[in-house]
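*Asks:* Take this structure, written in structure tokens, and hold onto it; I'll ask about it next.
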Amino acid sequence: MQSSQKPIQVGLFVTCLVDMFRPSIGFATIKLLESAGCQVEVPEAQTCCGQPAFNSGDKKTTQEIARQTIQAFDGYQYVVGPSGSCIGMLHYYADLFDEDDPWKARAESLKSRAFEITSFLTDVLDFDQILASYEGHATYHDSCSGLRQLGIKQQPRKLLAKVANLKLNEMEEAETCCGFGGTFCVKYADISNRMVENKSTYIQDSGATTLLGGDLGCLLNM
């Protein structure tokens, strides 16, 4: 980006799992965004995206979380997160409110500004200056929310192709659910366990030694 251009203002949506289990992902996301010319802030008022409540049918609690999240990210040009699932939940906020509710318009605004990190870098910024290298073979799992809701498929692969020395081995059924599905793995544990067992076999058969993905929930499950 030209130095004379004003930096793009980005609010980082950290997500619960990144915050609790892999904070390094949050810092790496900031590094990527800054290298693409963005000015990144992390609003302290953000919490969970509300997905557990939403998946459990608790609309009232989900609305409360949605209002808090919408307020936390007011004023940013874009909201970016390292999770297709959580960004996908932000896109659902508009469905929580009636047409005459002022919060609906604010939720629609958030939806239009909210992107998963690989989608934001490729689709919005057209950024591919990845100054990284990795010696090894990796395979990529396409998470359900990112793939089916947000249309994320080639974006991460485009970025990975820029990583020096990285070999991408596509696994069989890369687009098949890993069995996590948020509360699905709790409600239907036997089905979930079989799904992740199948997925683990495909990963091993790919010959890759590293598993990559766009959702930490899926990666932790596998």
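Labels for the structure tokens follow display order: chains A, B, ..., residues from 1 in each chain, ligands from 1.
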Give the helix (DSSP H, G or I) residues of region 31-102 of chain A, as assigned by DSSP on the backbone, as an MDAnalysis selection string.
*Replies:* chainID A and resid 31:35 51:55 59:72 84:96 102
*Asks:* Sorted by chain and rising residue number, which residues of region 90-199 of chain A lie within 12 Å of region 35-40 of chain A, and what are their closest atom pairs and distances in Å to one decimal, counting only C-alpha atoms, as JSON lines?
*Replies:*
```
{"residue": "A:Ile117", "atom": "CA", "partner": "A:Ala36", "partner_atom": "CA", "distance": 11.4}
{"residue": "A:Thr118", "atom": "CA", "partner": "A:Ala36", "partner_atom": "CA", "distance": 11.8}
{"residue": "A:Phe120", "atom": "CA", "partner": "A:Ala36", "partner_atom": "CA", "distance": 10.3}
{"residue": "A:Leu121", "atom": "CA", "partner": "A:Ala36", "partner_atom": "CA", "distance": 7.7}
{"residue": "A:Thr122", "atom": "CA", "partner": "A:Ala36", "partner_atom": "CA", "distance": 10.5}
{"residue": "A:Val124", "atom": "CA", "partner": "A:Ala36", "partner_atom": "CA", "distance": 10.9}
{"residue": "A:Leu125", "atom": "CA", "partner": "A:Ala36", "partner_atom": "CA", "distance": 7.7}
{"residue": "A:Asp126", "atom": "CA", "partner": "A:Ala36", "partner_atom": "CA", "distance": 9.3}
{"residue": "A:Phe127", "atom": "CA", "partner": "A:Ala36", "partner_atom": "CA", "distance": 6.5}
{"residue": "A:Asp128", "atom": "CA", "partner": "A:Ala36", "partner_atom": "CA", "distance": 8.7}
{"residue": "A:Gln129", "atom": "CA", "partner": "A:Ala36", "partner_atom": "CA", "distance": 8.0}
{"residue": "A:Ile130", "atom": "CA", "partner": "A:Ser35", "partner_atom": "CA", "distance": 8.9}
{"residue": "A:Leu131", "atom": "CA", "partner": "A:Ser35", "partner_atom": "CA", "distance": 9.6}
```
*Asks:* Okay, now the selection with all heavy atoms, as a short mmCIF file (atom, residue, chain, number, x, y, z; two decimals), in the first residue's frame?
*Replies:*
```cif
data_model
loop_
_atom_site.label_atom_id
_atom_site.label_comp_id
_atom_site.auth_asym_id
_atom_site.auth_seq_id
_atom_site.Cartn_x
_atom_site.Cartn_y
_atom_site.Cartn_z
N ILE A 117 -10.38 -13.84 7.75
CA ILE A 117 -9.09 -13.27 7.41
C ILE A 117 -8.61 -13.60 6.00
O ILE A 117 -8.17 -12.72 5.26
CB ILE A 117 -8.00 -13.68 8.45
CG1 ILE A 117 -6.63 -13.12 8.08
CG2 ILE A 117 -7.96 -15.18 8.66
CD1 ILE A 117 -6.52 -11.63 8.07
N THR A 118 -8.70 -14.86 5.55
CA THR A 118 -8.20 -15.19 4.22
C THR A 118 -9.08 -14.57 3.13
O THR A 118 -8.58 -14.15 2.08
CB THR A 118 -8.09 -16.71 4.00
OG1 THR A 118 -9.40 -17.31 4.03
CG2 THR A 118 -7.21 -17.36 5.05
N PHE A 120 -10.75 -11.74 3.50
CA PHE A 120 -10.48 -10.30 3.53
C PHE A 120 -9.20 -9.97 2.75
O PHE A 120 -9.17 -9.05 1.94
CB PHE A 120 -10.35 -9.83 4.97
CG PHE A 120 -10.13 -8.35 5.11
CD1 PHE A 120 -11.12 -7.44 4.77
CD2 PHE A 120 -8.93 -7.85 5.59
CE1 PHE A 120 -10.92 -6.07 4.89
CE2 PHE A 120 -8.71 -6.49 5.72
CZ PHE A 120 -9.72 -5.60 5.36
N LEU A 121 -8.15 -10.75 3.00
CA LEU A 121 -6.87 -10.48 2.34
C LEU A 121 -6.97 -10.65 0.83
O LEU A 121 -6.41 -9.85 0.07
CB LEU A 121 -5.79 -11.41 2.90
CG LEU A 121 -5.34 -11.14 4.34
CD1 LEU A 121 -4.38 -12.23 4.81
CD2 LEU A 121 -4.68 -9.78 4.47
N THR A 122 -7.68 -11.68 0.37
CA THR A 122 -7.73 -11.96 -1.06
C THR A 122 -8.86 -11.22 -1.77
O THR A 122 -8.65 -10.63 -2.84
CB THR A 122 -7.86 -13.47 -1.32
OG1 THR A 122 -9.03 -13.96 -0.65
CG2 THR A 122 -6.64 -14.21 -0.79
N VAL A 124 -10.94 -8.65 -0.62
CA VAL A 124 -11.08 -7.21 -0.38
C VAL A 124 -9.79 -6.46 -0.71
O VAL A 124 -9.82 -5.45 -1.42
CB VAL A 124 -11.50 -6.93 1.08
CG1 VAL A 124 -11.60 -5.43 1.33
CG2 VAL A 124 -12.83 -7.61 1.40
N LEU A 125 -8.67 -6.96 -0.20
CA LEU A 125 -7.41 -6.24 -0.38
C LEU A 125 -6.58 -6.71 -1.57
O LEU A 125 -5.63 -6.03 -1.96
CB LEU A 125 -6.56 -6.36 0.89
CG LEU A 125 -7.16 -5.83 2.19
CD1 LEU A 125 -6.14 -5.95 3.32
CD2 LEU A 125 -7.63 -4.39 2.04
N ASP A 126 -6.92 -7.88 -2.11
CA ASP A 126 -6.13 -8.47 -3.20
C ASP A 126 -4.65 -8.55 -2.79
O ASP A 126 -3.75 -8.22 -3.54
CB ASP A 126 -6.28 -7.66 -4.49
CG ASP A 126 -5.74 -8.41 -5.70
OD1 ASP A 126 -5.71 -9.64 -5.66
OD2 ASP A 126 -5.33 -7.74 -6.67
N PHE A 127 -4.44 -9.02 -1.58
CA PHE A 127 -3.10 -9.07 -0.99
C PHE A 127 -2.56 -10.49 -1.07
O PHE A 127 -3.23 -11.45 -0.69
CB PHE A 127 -3.16 -8.63 0.48
CG PHE A 127 -1.86 -8.73 1.21
CD1 PHE A 127 -0.89 -7.75 1.07
CD2 PHE A 127 -1.60 -9.80 2.06
CE1 PHE A 127 0.32 -7.83 1.75
CE2 PHE A 127 -0.40 -9.89 2.75
CZ PHE A 127 0.56 -8.90 2.60
N ASP A 128 -1.34 -10.64 -1.55
CA ASP A 128 -0.73 -11.97 -1.59
C ASP A 128 0.78 -11.92 -1.32
O ASP A 128 1.51 -12.83 -1.66
CB ASP A 128 -1.00 -12.67 -2.92
CG ASP A 128 -0.41 -11.91 -4.11
OD1 ASP A 128 0.24 -10.87 -3.88
OD2 ASP A 128 -0.60 -12.37 -5.25
N GLN A 129 1.22 -10.84 -0.70
CA GLN A 129 2.65 -10.70 -0.40
C GLN A 129 2.99 -11.43 0.90
O GLN A 129 3.28 -10.84 1.93
CB GLN A 129 3.00 -9.22 -0.29
CG GLN A 129 2.69 -8.41 -1.53
CD GLN A 129 3.41 -8.94 -2.76
OE1 GLN A 129 4.62 -9.14 -2.74
NE2 GLN A 129 2.65 -9.17 -3.83
N ILE A 130 2.93 -12.75 0.84
CA ILE A 130 3.19 -13.58 2.02
C ILE A 130 4.69 -13.87 2.12
O ILE A 130 5.24 -14.64 1.33
CB ILE A 130 2.40 -14.90 1.93
CG1 ILE A 130 0.90 -14.61 1.73
CG2 ILE A 130 2.63 -15.73 3.20
CD1 ILE A 130 0.26 -13.83 2.85
N LEU A 131 5.33 -13.25 3.07
CA LEU A 131 6.77 -13.44 3.26
C LEU A 131 6.98 -14.51 4.33
O LEU A 131 7.34 -14.23 5.47
CB LEU A 131 7.42 -12.12 3.66
CG LEU A 131 7.21 -10.95 2.69
CD1 LEU A 131 7.85 -9.68 3.22
CD2 LEU A 131 7.74 -11.30 1.30
#
```
*Asks:* Apply DSSP to the structure's backbone, then extract all residues of region 5-220 of chain A labelled strand (DSSP E) and return them as a ChimeraX atom specification.
*Replies:* /A:8-12,38-41,78-81,114-116,133-141,164-168,210-213
*Asks:* Deliver the residues from the most recent selection as a file, using C-alpha atoms, as a PDB file, in the first residue's frame.
*Replies:*
```
ATOM      1  CA  ILE A   8      -7.686   0.775   6.512  1.00  0.00           C
ATOM      2  CA  GLN A   9      -9.267   0.708   9.961  1.00  0.00           C
ATOM      3  CA  VAL A  10      -9.856  -2.886  11.068  1.00  0.00           C
ATOM      4  CA  GLY A  11     -11.399  -4.159  14.271  1.00  0.00           C
ATOM      5  CA  LEU A  12     -10.085  -7.645  15.103  1.00  0.00           C
ATOM      6  CA  CYS A  38      -4.242  -2.029   7.870  1.00  0.00           C
ATOM      7  CA  GLN A  39      -4.411  -0.279  11.217  1.00  0.00           C
ATOM      8  CA  VAL A  40      -5.709  -2.888  13.646  1.00  0.00           C
ATOM      9  CA  GLU A  41      -7.464  -2.430  16.965  1.00  0.00           C
ATOM     10  CA  TYR A  78     -13.988  -3.656   8.526  1.00  0.00           C
ATOM     11  CA  VAL A  79     -14.297  -6.388  11.121  1.00  0.00           C
ATOM     12  CA  VAL A  80     -11.952  -9.305  10.530  1.00  0.00           C
ATOM     13  CA  GLY A  81     -11.579 -12.588  12.387  1.00  0.00           C
ATOM     14  CA  ALA A 114     -17.298  -8.568   8.554  1.00  0.00           C
ATOM     15  CA  PHE A 115     -14.822 -10.913   6.866  1.00  0.00           C
ATOM     16  CA  GLU A 116     -12.816 -14.021   7.641  1.00  0.00           C
ATOM     17  CA  SER A 133       8.374 -20.287   4.348  1.00  0.00           C
ATOM     18  CA  TYR A 134       7.509 -23.751   5.637  1.00  0.00           C
ATOM     19  CA  GLU A 135       9.423 -26.939   5.005  1.00  0.00           C
ATOM     20  CA  GLY A 136       6.885 -29.701   4.825  1.00  0.00           C
ATOM     21  CA  HIS A 137       3.684 -31.164   3.446  1.00  0.00           C
ATOM     22  CA  ALA A 138       0.339 -29.826   4.632  1.00  0.00           C
ATOM     23  CA  THR A 139      -3.302 -30.545   3.897  1.00  0.00           C
ATOM     24  CA  TYR A 140      -6.256 -28.179   4.238  1.00  0.00           C
ATOM     25  CA  HIS A 141      -9.670 -28.847   5.794  1.00  0.00           C
ATOM     26  CA  ALA A 164       7.912 -20.803   0.129  1.00  0.00           C
ATOM     27  CA  ASN A 165       8.673 -24.551   0.163  1.00  0.00           C
ATOM     28  CA  LEU A 166       5.182 -25.506   1.397  1.00  0.00           C
ATOM     29  CA  LYS A 167       3.696 -28.507  -0.389  1.00  0.00           C
ATOM     30  CA  LEU A 168      -0.102 -28.756  -0.236  1.00  0.00           C
ATOM     31  CA  THR A 210       0.571 -30.695   9.071  1.00  0.00           C
ATOM     32  CA  LEU A 211      -3.173 -30.003   9.125  1.00  0.00           C
ATOM     33  CA  LEU A 212      -4.399 -26.507   8.292  1.00  0.00           C
ATOM     34  CA  GLY A 213      -7.859 -24.982   8.493  1.00  0.00           C
TER      35      GLY A 213
END
```
*Asks:* Just want the 10 Å neighbourhood of Gln154 (chain A), counted on only C-alpha atoms, with same-chain residues fewer than 5 positions away dropped. Output as a short mmCIF file (atom, residue, chain, number, x, y, z; two decimals) with N, CA and C atoms, in the first residue's frame.
*Replies:*
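To be explicit, this is the file written out as result-v8.cif:
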```
data_model
loop_
_atom_site.label_atom_id
_atom_site.label_comp_id
_atom_site.auth_asym_id
_atom_site.auth_seq_id
_atom_site.Cartn_x
_atom_site.Cartn_y
_atom_site.Cartn_z
N THR A 118 -8.70 -14.86 5.55
CA THR A 118 -8.20 -15.19 4.22
C THR A 118 -9.08 -14.57 3.13
N SER A 119 -10.37 -14.49 3.39
CA SER A 119 -11.28 -13.86 2.44
C SER A 119 -11.00 -12.36 2.36
N THR A 122 -7.68 -11.68 0.37
CA THR A 122 -7.73 -11.96 -1.06
C THR A 122 -8.86 -11.22 -1.77
N ASP A 142 -11.59 -27.83 4.70
CA ASP A 142 -12.56 -26.77 4.46
C ASP A 142 -13.69 -26.87 5.48
N LEU A 147 -16.85 -22.50 4.14
CA LEU A 147 -17.08 -22.98 2.78
C LEU A 147 -18.50 -22.70 2.31
N LEU A 159 -3.30 -18.05 -0.80
CA LEU A 159 -2.29 -17.52 0.11
C LEU A 159 -1.22 -18.57 0.42
N LEU A 160 -1.64 -19.81 0.61
CA LEU A 160 -0.68 -20.88 0.92
C LEU A 160 0.28 -21.12 -0.25
#
```
*Asks:* List the neighbours of region 143-146 of chain A out to 12 Å using only C-alpha atoms; skip same-chain residues closer than 2 positions along the sequence, and give me the result as number ranges by chain.
*Replies:* A: 51, 81-92, 115-119, 140-141, 148-156, 173-182, 199, 212-219, 221-222
*Asks:* Choose the residue, out of A:Arg113, A:Ala132, A:Ala189, A:Asp205, that has the smallest atom-to-atom separation from Ala161 (chain A); count only C-alpha atoms.
*Replies:*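 Comparing A:Arg113, A:Ala132, A:Ala189, A:Asp205 against Ala161 (chain A), the winner is A:Ala132.
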*Asks:* Measuring between only C-alpha atoms, which one of A:Gly26, A:Asn169, A:Asp74, A:Gln63 shows the shortest distance to Ala94 (chain A)?
*Replies:* A:Gln63
*Asks:* Smallest atom-to-atom distance to Phe97 (chain A): which of A:Ala72, A:Ala53, A:Ala208, A:Ala66, using only C-alpha atoms?
*Replies:*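 Going through A:Ala72, A:Ala53, A:Ala208, A:Ala66 one by one, the smallest distance to Phe97 (chain A) is for A:Ala66.
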*Asks:* Determine the nearest neighbour of Trp103 (chain A) from the options A:Asp19, A:Gln71, A:Tyr76, A:Asn198, counting only C-alpha atoms.
*Replies:*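 Comparing A:Asp19, A:Gln71, A:Tyr76, A:Asn198 against Trp103 (chain A), the winner is A:Gln71.
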*Asks:* Just the number, please: distance in Å from CA of Leu110 (chain A) to CA of Gly50 (chain A), one decimal.
*Replies:* 14.7 Å
*Asks:* Given the choices A:Val18, A:Phe54, A:Lys104, A:Met171, which gets closest to Thr209 (chain A) if the distance is worked out from only C-alpha atoms?
*Replies:*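 Using only C-alpha atoms, the shortest distance to Thr209 (chain A) belongs to A:Met171.
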*Asks:* To one decimal place, how far is CA of Arg67 (chain A) from CA of Glu108 (chain A) in Å?
*Replies:*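 Between CA of Arg67 (chain A) and CA of Glu108 (chain A) the gap works out to 12.1 Å.
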